[in-house]
Amino acid sequence: FASYYGDHMVLQKKPSGAVVWGHGQPRAMVTVTLSGDGGLIIMKKRAQVKGPSGTWTTVLEPMDGGGPYALTAEEGLENVTLRDIYFGDVWLCSGQSNMAMTVLQVANASQELAAATRYPHVRIFAAAPAHSDVELEDLQQIDLPWSIPTAAENLGHGNFTYFSAVCWLLGRSLYEALGSPIGLVEVAWGGTPIEAWSSRRALQACGLLEDVGREGPQSSLWHGACCNLKPSLCFAPPLSLALSSSTSPHQHLSGPQKPSVLWNAMIHPLLNMTLRGVAWYQGEANAFLHTDQYNCTFPALIADWRRAFHAGSAGQTEPLLPFGFVQLSTYRRQSADDSFARLRWHQTADLGVVPNARVPSTFMAVAMDLGDEHSPYGSIHPRDKQNVAHRLLLGARAVAYGDKDVVFQGPYPTRAILEVTRGLMNVTYSQELICRQRDAQAFEVRAGKSSPKSWEREDNTDGGFSPPQVCCSSQASPCRWLPAPVVAVGSHMVTLALSGCGTLVLGLRYAWAEWPCEYQACPLYNPQGLPAPPFL
């Protein structure tokens, strides 16, 4: 069997068939047998070992959730049997250090670890960090072979090793919601940019193909592309500016930077695996590298992974593989740098909410209200991963499992009406609003020169909300962002004062800061406790 097949593993249940593959002597025949607890044979499959690669592949018939089963591969007189196999839903968890943070590192860690024994049907697997300049067929190394969760040995092995807290807490909640086994596959590496996780094909689609690894991130100026976006949505500051933060960018780019090296070594080997969904927590590194290409690189990665997993699994992983992600949390409290805010916006493909036309079948956990200034692991690593996982779970239930009754995202504006004579702006939201905090700085307007009596902006067709015009700083007097204090909050409407700005309003933004609010105290939530996402 290939490296990531083993005792205790979870294979994808129906409606998909699980792909099983391994290595053998070229042209030899391999027989794969699935048998039940008492040795009863449930199915047999035969596969021939392919020429130069020396690999064989077969697809099992779709199976109901449950187990345990035994899976045997025989070639001639040799045979290998894997035991305690279950069928369930397999989720891949990937990203950088906030995905790699283990259960040992989260708030209430001892409680979470103690609860592990209650979830013997949530199985965990972690690939070892590895990079390669060429696409690999199999994993080079495994940190944690398929295991039944235990507190000290595997869920709390150490800091930033295994097992991922976000992945575990999401998987555990999925098990509680669905009642069938869950397999969790962790492939994460701290301090890594999206470019390292992207195939060359995906980077080509965004015009990013130079090698960032040769001279280090600061001196490498990859040529960015806008990926068919409206010019107004494409920012391209010189990279040196993007990196001139108060903290050296290199500490956030501590993992491999080179394009495609993690795709090659950690994702490409898994493509034959039949998956149910992906959870992704990455982006901090890209607040310091190619921030404004992320509106292309992230949608391109999602589309490319889907295409590759669908093809690699002989069509068993669905073409629109559900893809959940965590919007960036916080880092520096008083930072004037807006790279985190820009990256949060780019994570939505510049449309503010997901799923949308550019990133269909996706879901997002907003995390900007979960800051943790006193985290012993640095403020860029907040310890509240329970709320992150809960918000991901809601998205997974709605988007991956089609639960129409689940509210999985916070309120989002659908239109803004300007009352110039009264100096007010009324912003209408898609959901009922709960105001937790009156923050004079949360909303900002962009002021221009002239002033019509009123303008109205309806939401665009993709579900995003964009300013009616873009104000270019090449104008004689560049336009400025000014606070628009909240005057009133109704059930679906926020009224803003435009006192500082009697001129034409060209744009509106919300929570556009690296640290926009205190813990669970952003201004706007829905009744389910989900924060309104930032917008521009």
# chains A, B, ... in the order shown; residues from 1 in each chain; ligands from 1
>>> residues_around(residues="Lys44 (chain A)", least_positions_apart="5", cutoff="8 Å", atoms="only C-alpha atoms", output="list of chain:residue names")
A:Thr31, A:Val32, A:Thr33, A:Leu34
>>> residues_around(residues="His121 (chain A)", least_positions_apart="2", cutoff="6 Å", atoms="only C-alpha atoms", output="list in words")
Tyr119, Arg123 and Pro181 of chain A
>>> write_last_selection(atoms="N, CA and C atoms", output="mmCIF file, in the first residue's frame")
data_model
loop_
_atom_site.group_PDB
_atom_site.id
_atom_site.type_symbol
_atom_site.label_atom_id
_atom_site.label_comp_id
_atom_site.auth_asym_id
_atom_site.auth_seq_id
_atom_site.Cartn_x
_atom_site.Cartn_y
_atom_site.Cartn_z
ATOM 1 N N TYR A 119 -13.929 10.043 21.431
ATOM 2 C CA TYR A 119 -14.079 10.109 19.968
ATOM 3 C C TYR A 119 -13.206 9.069 19.256
ATOM 4 N N ARG A 123 -10.552 9.600 13.347
ATOM 5 C CA ARG A 123 -9.176 9.103 13.201
ATOM 6 C C ARG A 123 -8.287 10.202 12.627
ATOM 7 N N PRO A 181 -18.087 7.977 11.085
ATOM 8 C CA PRO A 181 -16.648 8.197 11.301
ATOM 9 C C PRO A 181 -16.092 9.356 10.462
#
>>> residues_around(residues="Cys167 (chain A)", least_positions_apart="4", cutoff="12 Å", atoms="only C-alpha atoms", output="PyMOL selection string")
chain A and resi 90-95+98-103+122-126+155+162-163+171-174+182-188+277-281+324-326+385-386+388-390+392-393
>>> write_last_selection(atoms="C-alpha atoms", output="compact mmCIF listing (two decimals), in the first residue's frame")
# COMPACT_ATOMS: atom_id res chain seq x y z
CA VAL A 90 -12.27 12.30 4.99
CA TRP A 91 -11.24 15.95 5.45
CA LEU A 92 -7.87 17.41 4.49
CA CYS A 93 -6.55 20.20 6.76
CA SER A 94 -3.78 22.40 5.39
CA GLY A 95 -2.12 25.76 5.84
CA ASN A 98 -2.40 28.50 12.87
CA MET A 99 -3.43 25.19 11.30
CA ALA A 100 -0.34 23.49 12.77
CA MET A 101 -1.08 24.72 16.33
CA THR A 102 -1.88 21.60 18.31
CA VAL A 103 -4.61 20.77 20.81
CA VAL A 122 -12.49 10.33 14.61
CA ARG A 123 -9.18 9.10 13.20
CA ILE A 124 -6.14 11.31 12.69
CA PHE A 125 -3.13 11.31 10.35
CA ALA A 126 -0.34 13.88 9.92
CA LEU A 155 -3.39 15.16 20.00
CA TYR A 162 0.48 17.27 15.69
CA PHE A 163 -2.33 17.18 15.99
CA GLY A 171 -13.58 16.84 12.88
CA ARG A 172 -14.92 16.17 16.35
CA SER A 173 -17.85 18.54 15.75
CA LEU A 174 -18.55 16.97 12.34
CA ILE A 182 -14.39 11.10 10.32
CA GLY A 183 -10.84 10.85 8.96
CA LEU A 184 -8.61 13.90 9.39
CA VAL A 185 -5.45 14.40 7.33
CA GLU A 186 -3.13 17.19 8.48
CA VAL A 187 -0.63 18.69 6.04
CA ALA A 188 0.59 22.03 7.42
CA GLY A 277 -13.73 18.45 2.01
CA VAL A 278 -10.78 20.74 2.72
CA ALA A 279 -10.14 23.09 5.66
CA TRP A 280 -7.49 25.78 5.06
CA TYR A 281 -5.93 28.26 7.50
CA GLY A 324 -13.56 25.94 3.99
CA PHE A 325 -11.07 28.52 5.18
CA VAL A 326 -10.37 30.82 8.11
CA LYS A 385 -9.51 27.69 18.14
CA GLN A 386 -12.88 26.44 19.43
CA VAL A 388 -12.78 29.09 14.72
CA ALA A 389 -13.76 25.41 14.44
CA HIS A 390 -17.38 26.14 15.35
CA LEU A 392 -16.06 26.35 10.13
CA LEU A 393 -18.49 23.64 11.22
>>> residues_around(residues="Pro531 (chain A)", least_positions_apart="5", cutoff="9 Å", atoms="only C-alpha atoms", output="list in words")
Val366, Ala367, Met368, Asp369, Gln409, Gly410, Pro411, Gln520, Ala521, Cys522, Pro523, Leu524, Tyr525 and Asn526 of chain A
